[in-house]
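Novice: Just so it is clear, I am handing over input-v2.cif, which has mmCIF, C-alpha atoms and all ligand atoms.
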data_my_file
#
loop_
_atom_site.label_atom_id
_atom_site.label_comp_id
_atom_site.auth_asym_id
_atom_site.auth_seq_id
_atom_site.Cartn_x
_atom_site.Cartn_y
_atom_site.Cartn_z
CA MET A 1254 0.00 0.00 0.00
CA ARG A 1255 1.22 3.49 -0.85
CA ASN A 1256 0.00 4.84 2.50
CA ASN A 1257 -0.49 3.35 5.92
CA ILE A 1258 -4.12 2.25 5.82
CA ILE A 1259 -4.06 0.61 9.24
CA HIS A 1260 -6.14 2.15 12.00
CA PRO A 1261 -4.00 2.98 15.07
CA GLY A 1262 -6.37 0.90 17.21
CA ALA A 1263 -6.38 -2.14 14.89
CA ASP A 1264 -4.58 -4.39 17.37
CA GLU A 1265 -7.06 -3.58 20.13
CA LEU A 1266 -9.98 -5.32 18.44
CA VAL A 1267 -10.05 -8.68 20.18
CA TYR A 1268 -13.19 -10.68 20.93
CA GLU A 1269 -11.98 -13.91 22.45
CA ILE A 1270 -15.54 -14.99 23.34
CA ARG A 1271 -16.06 -15.73 19.67
CA GLU A 1272 -12.48 -16.32 18.56
CA ILE A 1273 -12.19 -19.40 20.72
CA VAL A 1274 -15.07 -20.84 18.69
CA ASN A 1275 -12.72 -21.36 15.72
CA VAL A 1276 -10.51 -23.60 17.83
CA ALA A 1277 -13.50 -25.39 19.36
CA ASN A 1278 -14.96 -26.04 15.90
CA LYS A 1279 -11.73 -27.70 14.79
CA ILE A 1280 -11.66 -29.84 17.92
CA GLU A 1281 -15.30 -30.81 17.38
CA LYS A 1282 -14.35 -32.15 13.93
CA THR A 1283 -12.01 -34.63 15.64
CA GLY A 1284 -15.00 -36.21 17.33
CA VAL A 1285 -14.96 -34.29 20.63
CA PRO A 1286 -18.50 -33.06 21.41
CA ILE A 1287 -18.30 -29.40 22.51
CA ILE A 1288 -20.17 -27.90 25.44
CA TRP A 1289 -20.47 -24.23 24.60
CA GLU A 1290 -19.93 -22.27 27.79
CA ASN A 1291 -18.44 -19.26 26.08
CA ILE A 1292 -21.30 -17.18 24.66
CA GLY A 1293 -23.99 -15.38 26.65
CA ASP A 1294 -26.84 -16.32 24.35
CA PRO A 1295 -29.67 -17.91 26.35
CA VAL A 1296 -31.49 -18.96 23.16
CA ALA A 1297 -28.49 -20.72 21.60
CA LYS A 1298 -28.00 -22.48 24.93
CA GLY A 1299 -31.54 -23.87 24.80
CA GLU A 1300 -33.72 -21.47 26.80
CA LYS A 1301 -37.12 -21.33 25.16
CA VAL A 1302 -38.61 -17.96 24.30
CA PRO A 1303 -42.18 -18.10 25.71
CA ASP A 1304 -45.01 -18.65 23.24
CA TRP A 1305 -46.74 -15.42 24.24
CA ILE A 1306 -43.65 -13.39 23.23
CA ARG A 1307 -43.47 -15.29 19.93
CA ASP A 1308 -47.18 -14.56 19.38
CA ILE A 1309 -46.64 -10.84 19.91
CA VAL A 1310 -43.79 -10.85 17.40
CA ALA A 1311 -45.79 -12.94 14.90
CA ASP A 1312 -48.91 -10.74 15.23
CA THR A 1313 -46.84 -7.62 14.74
CA VAL A 1314 -45.22 -8.99 11.61
CA LYS A 1315 -48.61 -10.12 10.26
CA ASN A 1316 -50.73 -7.12 11.07
CA ASP A 1317 -48.46 -4.10 11.25
CA ASN A 1318 -47.17 -3.18 7.82
CA LEU A 1319 -45.02 -0.43 9.33
CA SER A 1320 -42.97 -3.02 11.21
CA PHE A 1321 -41.27 -3.48 7.82
CA ALA A 1322 -40.60 0.25 7.45
CA TYR A 1323 -37.68 2.42 8.59
CA SER A 1324 -38.17 3.97 12.00
CA PRO A 1325 -37.22 7.54 12.92
CA THR A 1326 -33.49 7.95 13.61
CA LYS A 1327 -33.87 7.98 17.38
CA GLY A 1328 -36.31 5.09 17.30
CA LEU A 1329 -40.10 4.72 17.23
CA LEU A 1330 -41.66 7.54 19.20
CA ALA A 1331 -44.25 5.36 20.96
CA THR A 1332 -41.51 2.99 22.12
CA ARG A 1333 -39.28 5.79 23.37
CA GLU A 1334 -42.25 7.33 25.15
CA TYR A 1335 -42.98 4.00 26.80
CA ILE A 1336 -39.35 3.63 27.96
CA ALA A 1337 -39.20 7.23 29.24
CA TYR A 1338 -42.49 6.78 31.11
CA GLU A 1339 -41.27 3.56 32.78
CA ARG A 1340 -37.93 5.17 33.62
CA ASN A 1341 -39.55 8.22 35.21
CA LEU A 1342 -41.94 6.07 37.25
CA GLU A 1343 -38.96 4.57 39.07
CA GLY A 1344 -37.85 8.03 40.25
CA GLY A 1345 -34.33 9.44 39.88
CA ALA A 1346 -33.19 11.10 36.66
CA GLN A 1347 -36.20 12.07 34.55
CA ILE A 1348 -36.02 11.76 30.78
CA THR A 1349 -38.20 12.32 27.73
CA ALA A 1350 -38.42 10.33 24.52
CA GLU A 1351 -35.85 12.78 23.08
CA ASP A 1352 -33.19 11.47 25.50
CA ILE A 1353 -33.40 7.95 24.06
CA LEU A 1354 -31.58 6.63 21.01
CA PHE A 1355 -32.00 3.15 19.54
CA PHE A 1356 -29.17 1.07 18.11
CA ASN A 1357 -28.75 -2.26 16.37
CA GLY A 1358 -27.93 -3.96 19.62
CA LEU A 1359 -25.75 -2.54 22.35
CA GLY A 1360 -22.73 -3.74 20.42
CA ASP A 1361 -23.56 -1.00 17.90
CA ALA A 1362 -24.20 1.53 20.69
CA ILE A 1363 -20.88 0.72 22.35
CA ALA A 1364 -18.93 1.09 19.10
CA THR A 1365 -20.61 4.42 18.34
CA VAL A 1366 -20.30 5.92 21.82
CA TYR A 1367 -16.52 5.37 21.88
CA ASN A 1368 -15.94 6.07 18.22
CA TYR A 1369 -17.38 9.59 18.43
CA LEU A 1370 -15.62 10.53 21.62
CA ASN A 1371 -12.65 12.87 21.21
CA LYS A 1372 -9.59 10.68 20.63
CA ASN A 1373 -7.82 12.15 23.65
CA ALA A 1374 -10.73 11.62 26.03
CA ARG A 1375 -10.62 8.25 27.74
CA VAL A 1376 -13.28 6.15 29.42
CA MET A 1377 -11.97 4.09 32.33
CA GLY A 1378 -13.59 0.68 32.62
CA PRO A 1379 -13.51 -2.32 34.93
CA ASN A 1380 -10.88 -5.07 35.01
CA PRO A 1381 -12.01 -7.74 34.19
CA ALA A 1382 -13.98 -6.06 31.42
CA TYR A 1383 -16.62 -7.04 28.90
CA SER A 1384 -14.35 -6.91 25.89
CA THR A 1385 -16.70 -5.11 23.51
CA HIS A 1386 -16.29 -2.07 25.76
CA SER A 1387 -12.59 -2.42 26.46
CA SER A 1388 -11.66 -3.16 22.84
CA ALA A 1389 -13.83 -0.40 21.34
CA GLU A 1390 -12.57 2.14 23.86
CA ALA A 1391 -8.93 1.15 23.29
CA ALA A 1392 -9.42 1.25 19.52
CA HIS A 1393 -10.91 4.76 19.66
CA ALA A 1394 -7.83 6.05 21.47
CA GLY A 1395 -5.30 3.83 19.72
CA SER A 1396 -3.87 2.66 23.03
CA ALA A 1397 -4.60 0.19 25.82
CA HIS A 1398 -7.84 0.53 27.77
CA ILE A 1399 -7.40 2.20 31.18
CA THR A 1400 -8.99 0.11 33.89
CA TYR A 1401 -9.93 0.11 37.56
CA ARG A 1402 -9.79 -3.06 39.56
CA LEU A 1403 -12.78 -5.20 40.44
CA ASP A 1404 -11.85 -6.86 43.71
CA PRO A 1405 -12.43 -10.63 43.83
CA LYS A 1406 -11.84 -10.59 47.60
CA ASN A 1407 -14.60 -8.01 47.99
CA SER A 1408 -17.41 -9.61 45.96
CA TRP A 1409 -15.93 -8.27 42.72
CA TYR A 1410 -16.91 -4.77 43.76
CA PRO A 1411 -15.03 -1.85 42.16
CA ASP A 1412 -11.92 -0.82 44.05
CA LEU A 1413 -12.78 2.83 44.65
CA LYS A 1414 -9.28 3.68 45.85
CA ASP A 1415 -7.82 2.39 42.59
CA MET A 1416 -10.51 4.26 40.67
CA ARG A 1417 -9.60 7.54 42.38
CA GLU A 1418 -5.86 7.02 41.89
CA LYS A 1419 -6.31 6.29 38.19
CA ILE A 1420 -8.48 9.37 37.71
CA ILE A 1421 -5.76 11.47 39.30
CA SER A 1422 -2.85 9.88 37.46
CA HIS A 1423 -4.64 9.91 34.07
CA PRO A 1424 -6.04 13.39 33.46
CA GLU A 1425 -7.26 12.18 30.07
CA ILE A 1426 -9.93 10.09 31.83
CA SER A 1427 -13.22 11.79 31.05
CA ALA A 1428 -15.72 9.12 32.00
CA ILE A 1429 -16.16 6.01 34.14
CA LEU A 1430 -17.84 2.88 32.81
CA ILE A 1431 -19.67 0.47 35.08
CA VAL A 1432 -21.33 -2.73 33.93
CA ASN A 1433 -24.13 -3.52 36.33
CA PRO A 1434 -25.09 -6.37 36.67
CA ASP A 1435 -21.59 -7.24 35.59
CA ASN A 1436 -20.28 -9.43 32.83
CA PRO A 1437 -18.11 -11.51 33.49
CA THR A 1438 -18.43 -11.57 37.31
CA GLY A 1439 -22.22 -11.75 37.76
CA MET A 1440 -21.99 -9.10 40.46
CA VAL A 1441 -24.71 -6.54 41.19
CA TYR A 1442 -23.60 -3.28 42.76
CA SER A 1443 -25.38 -1.80 45.76
CA LYS A 1444 -27.00 1.60 45.47
CA GLU A 1445 -24.36 2.91 47.88
CA MET A 1446 -21.55 1.63 45.65
CA ILE A 1447 -23.00 3.25 42.52
CA LYS A 1448 -23.49 6.45 44.46
CA GLN A 1449 -19.80 6.51 45.39
CA VAL A 1450 -18.85 6.14 41.72
CA VAL A 1451 -21.25 8.97 40.85
CA ASP A 1452 -19.65 11.09 43.60
CA LEU A 1453 -16.22 10.50 42.08
CA ALA A 1454 -17.51 11.54 38.66
CA ARG A 1455 -19.03 14.68 40.17
CA GLU A 1456 -15.82 15.52 42.07
CA PHE A 1457 -13.64 15.23 38.95
CA ASP A 1458 -16.16 16.58 36.45
CA LEU A 1459 -16.50 13.33 34.51
CA PHE A 1460 -19.49 11.64 32.92
CA LEU A 1461 -20.70 8.11 33.54
CA ILE A 1462 -21.59 5.18 31.34
CA SER A 1463 -23.61 2.37 32.89
CA ASP A 1464 -24.16 -0.78 30.86
CA GLU A 1465 -27.46 -2.11 32.20
CA ILE A 1466 -28.23 -4.75 29.60
CA TYR A 1467 -28.82 -7.24 32.45
CA SER A 1468 -30.77 -4.81 34.63
CA ASN A 1469 -33.80 -7.11 35.02
CA LEU A 1470 -31.72 -10.22 35.60
CA PHE A 1471 -30.84 -10.23 39.31
CA TYR A 1472 -31.48 -12.66 42.15
CA GLY A 1473 -30.22 -14.04 45.44
CA GLY A 1474 -31.71 -11.32 47.63
CA VAL A 1475 -30.14 -8.31 45.91
CA GLU A 1476 -32.03 -5.54 44.23
CA HIS A 1477 -30.61 -3.93 41.15
CA LYS A 1478 -30.49 -0.15 41.16
CA LYS A 1479 -30.08 1.71 37.92
CA LEU A 1480 -27.60 4.54 37.45
CA ALA A 1481 -30.59 6.88 37.00
CA SER A 1482 -31.63 6.29 40.62
CA VAL A 1483 -28.48 7.93 42.02
CA ILE A 1484 -26.99 10.01 39.21
CA GLY A 1485 -28.40 13.31 40.46
CA ASP A 1486 -27.05 16.11 38.27
CA VAL A 1487 -24.03 14.27 36.81
CA PRO A 1488 -24.12 13.70 33.04
CA GLY A 1489 -24.42 10.07 32.10
CA ILE A 1490 -25.44 7.39 29.63
CA ALA A 1491 -27.30 4.20 30.49
CA MET A 1492 -27.28 1.34 27.99
CA ARG A 1493 -30.11 -1.17 27.82
CA GLY A 1494 -31.36 -3.80 25.43
CA ILE A 1495 -33.54 -6.84 24.88
CA SER A 1496 -30.87 -9.39 23.88
CA LYS A 1497 -30.65 -10.97 27.32
CA GLU A 1498 -34.06 -10.14 28.76
CA PHE A 1499 -36.58 -11.35 26.20
CA PRO A 1500 -34.18 -13.03 25.31
CA TRP A 1501 -33.77 -11.98 21.69
CA PRO A 1502 -30.10 -11.38 20.90
CA GLY A 1503 -30.76 -11.88 17.19
CA SER A 1504 -33.10 -8.88 17.17
CA ARG A 1505 -30.05 -6.59 17.42
CA CYS A 1506 -31.95 -4.08 19.50
CA GLY A 1507 -30.59 -1.87 22.27
CA TRP A 1508 -30.84 1.74 23.29
CA VAL A 1509 -29.06 4.44 25.26
CA GLU A 1510 -30.60 6.93 27.66
CA PHE A 1511 -28.83 10.28 28.05
CA TYR A 1512 -29.07 11.89 31.49
CA ASN A 1513 -28.46 15.54 32.32
CA THR A 1514 -27.46 16.76 28.88
CA SER A 1515 -28.71 20.18 29.95
CA LYS A 1516 -26.14 20.29 32.76
CA ASP A 1517 -23.05 20.41 30.56
CA PRO A 1518 -22.81 21.88 27.03
CA LYS A 1519 -19.86 19.65 26.10
CA PHE A 1520 -21.78 16.56 27.13
CA ALA A 1521 -24.82 17.82 25.19
CA ARG A 1522 -22.65 18.30 22.08
CA TYR A 1523 -21.18 14.84 22.48
CA ALA A 1524 -24.68 13.32 22.79
CA LYS A 1525 -25.77 15.20 19.67
CA THR A 1526 -22.75 13.80 17.78
CA ILE A 1527 -23.87 10.28 18.62
CA ILE A 1528 -27.40 11.03 17.43
CA ASP A 1529 -26.08 12.64 14.23
CA ALA A 1530 -23.91 9.58 13.63
CA LYS A 1531 -26.99 7.37 13.88
CA MET A 1532 -28.78 9.64 11.42
CA LEU A 1533 -26.11 8.82 8.82
CA GLU A 1534 -27.03 5.17 9.31
CA VAL A 1535 -30.75 6.07 9.01
CA CYS A 1536 -32.12 4.11 11.98
CA ALA A 1537 -32.03 0.89 14.00
CA THR A 1538 -34.14 -2.22 13.28
CA THR A 1539 -37.86 -1.46 13.51
CA LEU A 1540 -39.56 -4.76 14.39
CA PRO A 1541 -38.06 -5.26 17.88
CA GLN A 1542 -38.90 -1.65 18.73
CA LYS A 1543 -42.51 -2.29 17.66
CA VAL A 1544 -42.87 -5.26 19.98
CA LEU A 1545 -40.88 -3.86 22.92
CA PRO A 1546 -43.72 -2.03 24.74
CA LYS A 1547 -46.13 -4.90 24.04
CA VAL A 1548 -43.77 -7.46 25.59
CA MET A 1549 -42.45 -5.36 28.49
CA GLY A 1550 -45.92 -4.01 29.22
CA ASP A 1551 -47.50 -7.47 29.27
CA PRO A 1552 -48.56 -8.68 32.76
CA ARG A 1553 -46.70 -11.96 32.06
CA TYR A 1554 -43.34 -10.22 31.53
CA TYR A 1555 -42.04 -9.73 35.07
CA PRO A 1556 -43.35 -13.09 36.38
CA TYR A 1557 -41.53 -14.68 33.44
CA LEU A 1558 -38.28 -12.90 34.37
CA ALA A 1559 -38.75 -13.88 38.03
CA GLN A 1560 -38.96 -17.51 36.95
CA ARG A 1561 -35.74 -17.24 34.95
CA ASN A 1562 -33.98 -15.40 37.75
CA ALA A 1563 -34.93 -18.14 40.24
CA LYS A 1564 -33.23 -20.70 37.96
CA TYR A 1565 -30.06 -18.60 37.67
CA GLN A 1566 -29.99 -18.23 41.43
CA GLU A 1567 -30.23 -21.98 41.88
CA LYS A 1568 -27.43 -22.53 39.37
CA SER A 1569 -25.27 -19.83 40.91
CA GLN A 1570 -25.60 -21.61 44.27
CA ILE A 1571 -24.82 -25.02 42.76
CA ALA A 1572 -21.74 -23.70 40.98
CA TYR A 1573 -20.61 -21.84 44.09
CA ASP A 1574 -20.97 -24.95 46.25
CA ILE A 1575 -18.87 -26.95 43.80
CA PHE A 1576 -16.10 -24.41 43.14
CA SER A 1577 -15.75 -22.88 46.59
CA LYS A 1578 -14.44 -26.23 47.85
CA ILE A 1579 -11.47 -26.25 45.48
CA PRO A 1580 -8.23 -25.00 47.03
CA GLY A 1581 -6.27 -22.47 44.98
CA ILE A 1582 -9.19 -20.70 43.35
CA THR A 1583 -11.56 -17.87 44.25
CA VAL A 1584 -15.23 -17.78 43.35
CA ASN A 1585 -18.04 -15.43 44.22
CA LYS A 1586 -21.69 -16.26 43.82
CA ALA A 1587 -23.38 -14.52 40.90
CA TYR A 1588 -26.25 -12.20 41.79
CA GLY A 1589 -27.06 -10.92 38.34
CA ALA A 1590 -26.68 -11.63 34.61
CA PHE A 1591 -25.84 -15.31 33.98
CA TYR A 1592 -22.11 -15.68 34.32
CA MET A 1593 -19.65 -16.76 36.95
CA THR A 1594 -15.95 -16.17 37.05
CA VAL A 1595 -13.49 -18.67 38.47
CA LEU A 1596 -10.21 -17.10 39.46
CA PHE A 1597 -6.92 -18.96 39.85
CA ASN A 1598 -5.14 -17.59 42.90
CA GLU A 1599 -1.70 -16.16 42.36
CA GLY A 1600 1.01 -18.75 41.88
CA VAL A 1601 -1.41 -21.62 41.28
CA LEU A 1602 -0.89 -21.77 37.53
CA LYS A 1603 2.59 -22.92 36.59
CA GLN A 1604 4.57 -23.93 33.54
CA GLY A 1605 4.11 -27.52 32.46
CA GLN A 1606 0.59 -28.09 33.76
CA SER A 1607 -1.61 -30.01 31.37
CA LEU A 1608 -4.65 -32.21 30.80
CA LYS A 1609 -4.70 -35.29 28.61
CA PRO A 1610 -6.48 -34.49 25.31
CA MET A 1611 -9.45 -36.67 24.35
CA ASN A 1612 -7.68 -37.72 21.17
CA LYS A 1613 -4.36 -37.08 19.44
CA GLN A 1614 -5.76 -34.68 16.81
CA ALA A 1615 -7.33 -32.50 19.50
CA GLY A 1616 -3.94 -32.39 21.21
CA ASP A 1617 -2.28 -31.43 17.91
CA ILE A 1618 -4.77 -28.59 17.37
CA ILE A 1619 -4.05 -26.94 20.70
CA ALA A 1620 -0.30 -27.66 20.76
CA PRO A 1621 0.80 -24.52 18.81
CA LEU A 1622 -1.66 -22.38 20.79
CA LEU A 1623 -0.03 -23.28 24.08
CA ASP A 1624 2.93 -21.09 23.21
CA THR A 1625 1.45 -18.14 25.08
CA ASP A 1626 2.29 -16.26 28.27
CA MET A 1627 -1.35 -16.30 29.27
CA GLN A 1628 -1.55 -19.10 31.81
CA ASP A 1629 -5.34 -19.11 31.99
CA LYS A 1630 -5.58 -19.36 28.22
CA LYS A 1631 -3.45 -22.50 28.35
CA PHE A 1632 -5.84 -24.00 30.87
CA VAL A 1633 -8.80 -23.11 28.67
CA TYR A 1634 -7.25 -24.83 25.63
CA HIS A 1635 -6.32 -27.88 27.68
CA MET A 1636 -9.88 -28.18 29.01
CA LEU A 1637 -11.26 -27.75 25.50
CA ALA A 1638 -9.14 -30.60 24.13
CA SER A 1639 -9.56 -32.88 27.14
CA ARG A 1640 -13.24 -32.38 27.98
CA GLY A 1641 -14.74 -30.44 25.10
CA ILE A 1642 -15.83 -27.63 27.41
CA CYS A 1643 -15.43 -24.17 25.91
CA VAL A 1644 -15.05 -21.31 28.41
CA VAL A 1645 -13.39 -17.90 28.03
CA PRO A 1646 -10.06 -16.97 29.66
CA LEU A 1647 -10.09 -13.82 31.77
CA SER A 1648 -6.78 -12.51 30.46
CA THR A 1649 -7.45 -12.26 26.75
CA GLY A 1650 -11.24 -12.56 26.90
CA PHE A 1651 -11.81 -9.85 29.47
CA ASN A 1652 -8.78 -7.62 29.20
CA SER A 1653 -7.53 -8.68 32.61
CA ASP A 1654 -4.25 -9.17 34.43
CA LEU A 1655 -5.99 -11.88 36.45
CA ASN A 1656 -5.90 -15.58 35.58
CA GLY A 1657 -9.24 -17.28 35.43
CA PHE A 1658 -12.18 -18.01 33.19
CA ARG A 1659 -15.81 -17.17 32.71
CA MET A 1660 -18.53 -19.77 32.40
CA THR A 1661 -22.29 -19.34 32.05
CA LEU A 1662 -25.31 -20.28 34.15
CA LEU A 1663 -27.38 -20.82 31.01
CA GLU A 1664 -27.68 -24.58 30.64
CA PRO A 1665 -31.45 -25.08 31.13
CA ASP A 1666 -31.23 -28.79 32.00
CA MET A 1667 -30.37 -28.79 35.70
CA LYS A 1668 -28.93 -32.32 35.65
CA LYS A 1669 -26.73 -31.46 32.69
CA PHE A 1670 -25.72 -28.21 34.36
CA LYS A 1671 -24.47 -30.07 37.44
CA VAL A 1672 -22.54 -32.51 35.25
CA ILE A 1673 -20.89 -29.62 33.38
CA MET A 1674 -19.96 -27.79 36.59
CA ASN A 1675 -18.53 -30.95 38.16
CA ASP A 1676 -16.63 -31.67 34.98
CA ILE A 1677 -15.08 -28.18 34.91
CA ALA A 1678 -14.26 -28.49 38.62
CA ALA A 1679 -12.57 -31.84 38.01
CA ALA A 1680 -10.55 -30.31 35.17
CA VAL A 1681 -9.46 -27.43 37.41
CA LYS A 1682 -8.35 -29.77 40.21
CA GLU A 1683 -6.53 -32.12 37.85
CA TYR A 1684 -4.79 -29.23 36.07
CA ILE A 1685 -3.63 -27.57 39.27
CA LYS A 1686 -2.21 -30.85 40.54
CA SER A 1687 -0.58 -31.88 37.25
C1 LIG B 1 -22.37 -6.23 29.29
C2 LIG B 1 -22.84 -6.37 27.88
N1 LIG B 1 -23.12 -5.29 27.16
C3 LIG B 1 -23.51 -5.37 25.87
C4 LIG B 1 -23.65 -6.59 25.25
C5 LIG B 1 -24.05 -6.63 23.80
O1 LIG B 1 -25.41 -6.78 23.68
P1 LIG B 1 -26.19 -6.67 22.30
O2 LIG B 1 -26.69 -8.04 21.98
O3 LIG B 1 -27.31 -5.73 22.57
O4 LIG B 1 -25.25 -6.15 21.27
C6 LIG B 1 -23.38 -7.77 25.96
C7 LIG B 1 -23.47 -9.09 25.32
O5 LIG B 1 -23.05 -10.10 25.81
C8 LIG B 1 -22.96 -7.65 27.31
O6 LIG B 1 -22.67 -8.73 28.04
#
As structure tokens, what does this structure read like?
Ligand SMILES: Cc1ncc(COP(=O)(O)O)c(C=O)c1O
Specialist:
Amino acid sequence: MRNNIIHPGADELVYEIREIVNVANKIEKTGVPIIWENIGDPVAKGEKVPDWIRDIVADTVKNDNLSFAYSPTKGLLATREYIAYERNLEGGAQITAEDILFFNGLGDAIATVYNYLNKNARVMGPNPAYSTHSSAEAAHAGSAHITYRLDPKNSWYPDLKDMREKIISHPEISAILIVNPDNPTGMVYSKEMIKQVVDLAREFDLFLISDEIYSNLFYGGVEHKKLASVIGDVPGIAMRGISKEFPWPGSRCGWVEFYNTSKDPKFARYAKTIIDAKMLEVCATTLPQKVLPKVMGDPRYYPYLAQRNAKYQEKSQIAYDIFSKIPGITVNKAYGAFYMTVLFNEGVLKQGQSLKPMNKQAGDIIAPLLDTDMQDKKFVYHMLASRGICVVPLSTGFNSDLNGFRMTLLEPDMKKFKVIMNDIAAAVKEYIKS
């Protein structure tokens, strides 16, 4: 090429959650059946979308010709009005339909929000991090994502001291990202904790981003509080969607809510840039927006979510009971979303540890991949070849300096779920001892 056509952030675009699938697919071809514990798609994992939700979608397609049309750039007005009304009912930051912008899934929202931020303005995010955020943020700036620590010894809560120190030592930090409930840890932050993050943002004149895609998926005696409930007058963005809740990840439907744009002209201009960027793309998918108020406003919706949450709670407890007995690792129960993170304590992973592959070809496939400094990644490959279980390493999958892996609580068959958890636990024990 005559000129350098490579984006300065090109190397930051890593999505291990899906990349590991390529390896798993090759191993599957050798006759090893794969248990997919890597992707947070409840439907792919076998959860059944209720018939009444399907009926609403089918009726809409059949009877509403405009469900095939473009929608306005910000999204269908009736849907945005419904969301704003529901938001305002809960108290806290009050919004109108004009403060809402629809995207083709939160993946699209995340890419846009970072892409249109000034290159020199950084958003600090959690470590471990959901990699769509960390990669997109790093790519926008062309350098590594700046993170604050989530503390595994303190229920994976944000380390506020670390957060403060990073804000001080990195004056380019302009916003703080929280993911609540969190992916990959399954933690739900208390109102008090979110308030302290908001206070930090207020003190240093930053804005906030809160990814709340799992906001209706919480259990185990906690109550999820949205950013809006404590944000006060600080500018912020909440991100929500239907991928995990309905669940309908294939709908590619998510939205952002802007809070307090009137409080800061720079934040207002930034929000307008994001809206203008969406205008260039015309609009987000119409059909899921059409059905959203009908599904969320249906009296069966919250009882249905309660039922799902009860199952996740049961699975979180089962997994916790199994993994908390293993020496050398740290686990916390999940209280939200549908993931759990298993952490290898420092010094537990060493050179030379291995698991016997299920067959020689599977061993040959992972052999070249084991030449990595990422100890948890080695474990993940070994478990893939030896047991066919596909999880995601914390290091490369979640932009972390910690060694561990994320698994899901999605397997709907409880018996099968227990078998999978016991199988992973056995692999962990065997690997540590090897
Ligand atoms: C925390 C978080 N945010 C955003 C997304 C992306 O969601 P969407 O399907 O709306 O793109 C995910 C998907 O796993 C997620 O875990």
Novice: Skip A:Ser1653 itself and residues of its chain fewer than 6 positions away, then list as a compact mmCIF listing (two decimals) with C-alpha atoms, in the frame of the given file all residues within 10 Å of it, counting all atoms listed in the file.
Specialist:
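Wrote it out as around-v3.txt, contents follow:
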# COMPACT_ATOMS: atom_id res chain seq x y z
CA PRO A 1379 -13.51 -2.32 34.93
CA ASN A 1380 -10.88 -5.07 35.01
CA PRO A 1381 -12.01 -7.74 34.19
CA ALA A 1382 -13.98 -6.06 31.42
CA TYR A 1383 -16.62 -7.04 28.90
CA SER A 1384 -14.35 -6.91 25.89
CA THR A 1400 -8.99 0.11 33.89
CA ARG A 1402 -9.79 -3.06 39.56
CA PRO A 1646 -10.06 -16.97 29.66
CA LEU A 1647 -10.09 -13.82 31.77
Novice: Could the residues of stretch 1304-1375 of chain A that have an atom at most 10 Å from stretch 1416-1425 of chain A be listed as JSON lines, each with its closest atom pair and the distance in Å to one decimal, counting only C-alpha atoms and ordered by chain and ascending residue number?
Specialist:
{"residue": "A:Lys1372", "atom": "CA", "partner": "A:Glu1425", "partner_atom": "CA", "distance": 9.8}
{"residue": "A:Asn1373", "atom": "CA", "partner": "A:Glu1425", "partner_atom": "CA", "distance": 6.4}
{"residue": "A:Ala1374", "atom": "CA", "partner": "A:Glu1425", "partner_atom": "CA", "distance": 5.4}
{"residue": "A:Arg1375", "atom": "CA", "partner": "A:Glu1425", "partner_atom": "CA", "distance": 5.7}
Novice: Give the answer as one residue: which of A:Pro1411, A:Gly1503, A:Gly1299, A:Pro1325 has the shortest atom-to-atom distance to A:Ile1528, using all atoms listed in the file?
Specialist: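 Of A:Pro1411, A:Gly1503, A:Gly1299, A:Pro1325, the one nearest A:Ile1528, counting all atoms listed in the file, is A:Pro1325.
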Novice: Would you mind listing, for every residue of stretch 1578-1654 of chain A within 12 Å of stretch 1662-1669 of chain A, the two atoms forming the shortest contact and the distance between them in Å to one decimal, using only C-alpha atoms, sorted by chain and ascending residue number, as JSON lines?
Specialist:
{"residue": "A:Lys1586", "atom": "CA", "partner": "A:Leu1662", "partner_atom": "CA", "distance": 11.1}
{"residue": "A:Ala1587", "atom": "CA", "partner": "A:Leu1662", "partner_atom": "CA", "distance": 9.1}
{"residue": "A:Tyr1588", "atom": "CA", "partner": "A:Leu1662", "partner_atom": "CA", "distance": 11.2}
{"residue": "A:Gly1589", "atom": "CA", "partner": "A:Leu1662", "partner_atom": "CA", "distance": 10.4}
{"residue": "A:Ala1590", "atom": "CA", "partner": "A:Leu1662", "partner_atom": "CA", "distance": 8.8}
{"residue": "A:Phe1591", "atom": "CA", "partner": "A:Leu1662", "partner_atom": "CA", "distance": 5.0}
{"residue": "A:Tyr1592", "atom": "CA", "partner": "A:Leu1662", "partner_atom": "CA", "distance": 5.6}
{"residue": "A:Met1593", "atom": "CA", "partner": "A:Leu1662", "partner_atom": "CA", "distance": 7.2}
{"residue": "A:Thr1594", "atom": "CA", "partner": "A:Leu1662", "partner_atom": "CA", "distance": 10.6}
{"residue": "A:Val1644", "atom": "CA", "partner": "A:Leu1662", "partner_atom": "CA", "distance": 11.8}
Novice: Specify the axis-aligned box that encloses all atoms of stretch 1582-1591 of chain A listed in the file after padding of 8 Å on each side, stating its centre and edge lengths in Å to one decimal as AutoDock Vina command-line options.
Specialist:
--center_x -18.1 --center_y -15.8 --center_z 39.1 --size_x 33.9 --size_y 25.8 --size_z 26.3
Novice: Please determine, counting all atoms listed in the file, which residue among A:Phe1355, A:Thr1349, A:Asp1486, A:Leu1459 has the shortest atom-to-atom distance to A:Glu1534.
Specialist: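 Comparing A:Phe1355, A:Thr1349, A:Asp1486, A:Leu1459 against A:Glu1534, the winner is A:Phe1355.
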Novice: Atom CA of A:Val1584 and atom CA of A:Ser1687, how far apart in Å?
Specialist: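 Taking atom CA of A:Ser1687 as the start and atom CA of A:Val1584 as the end point, the length is 21.2 Å.
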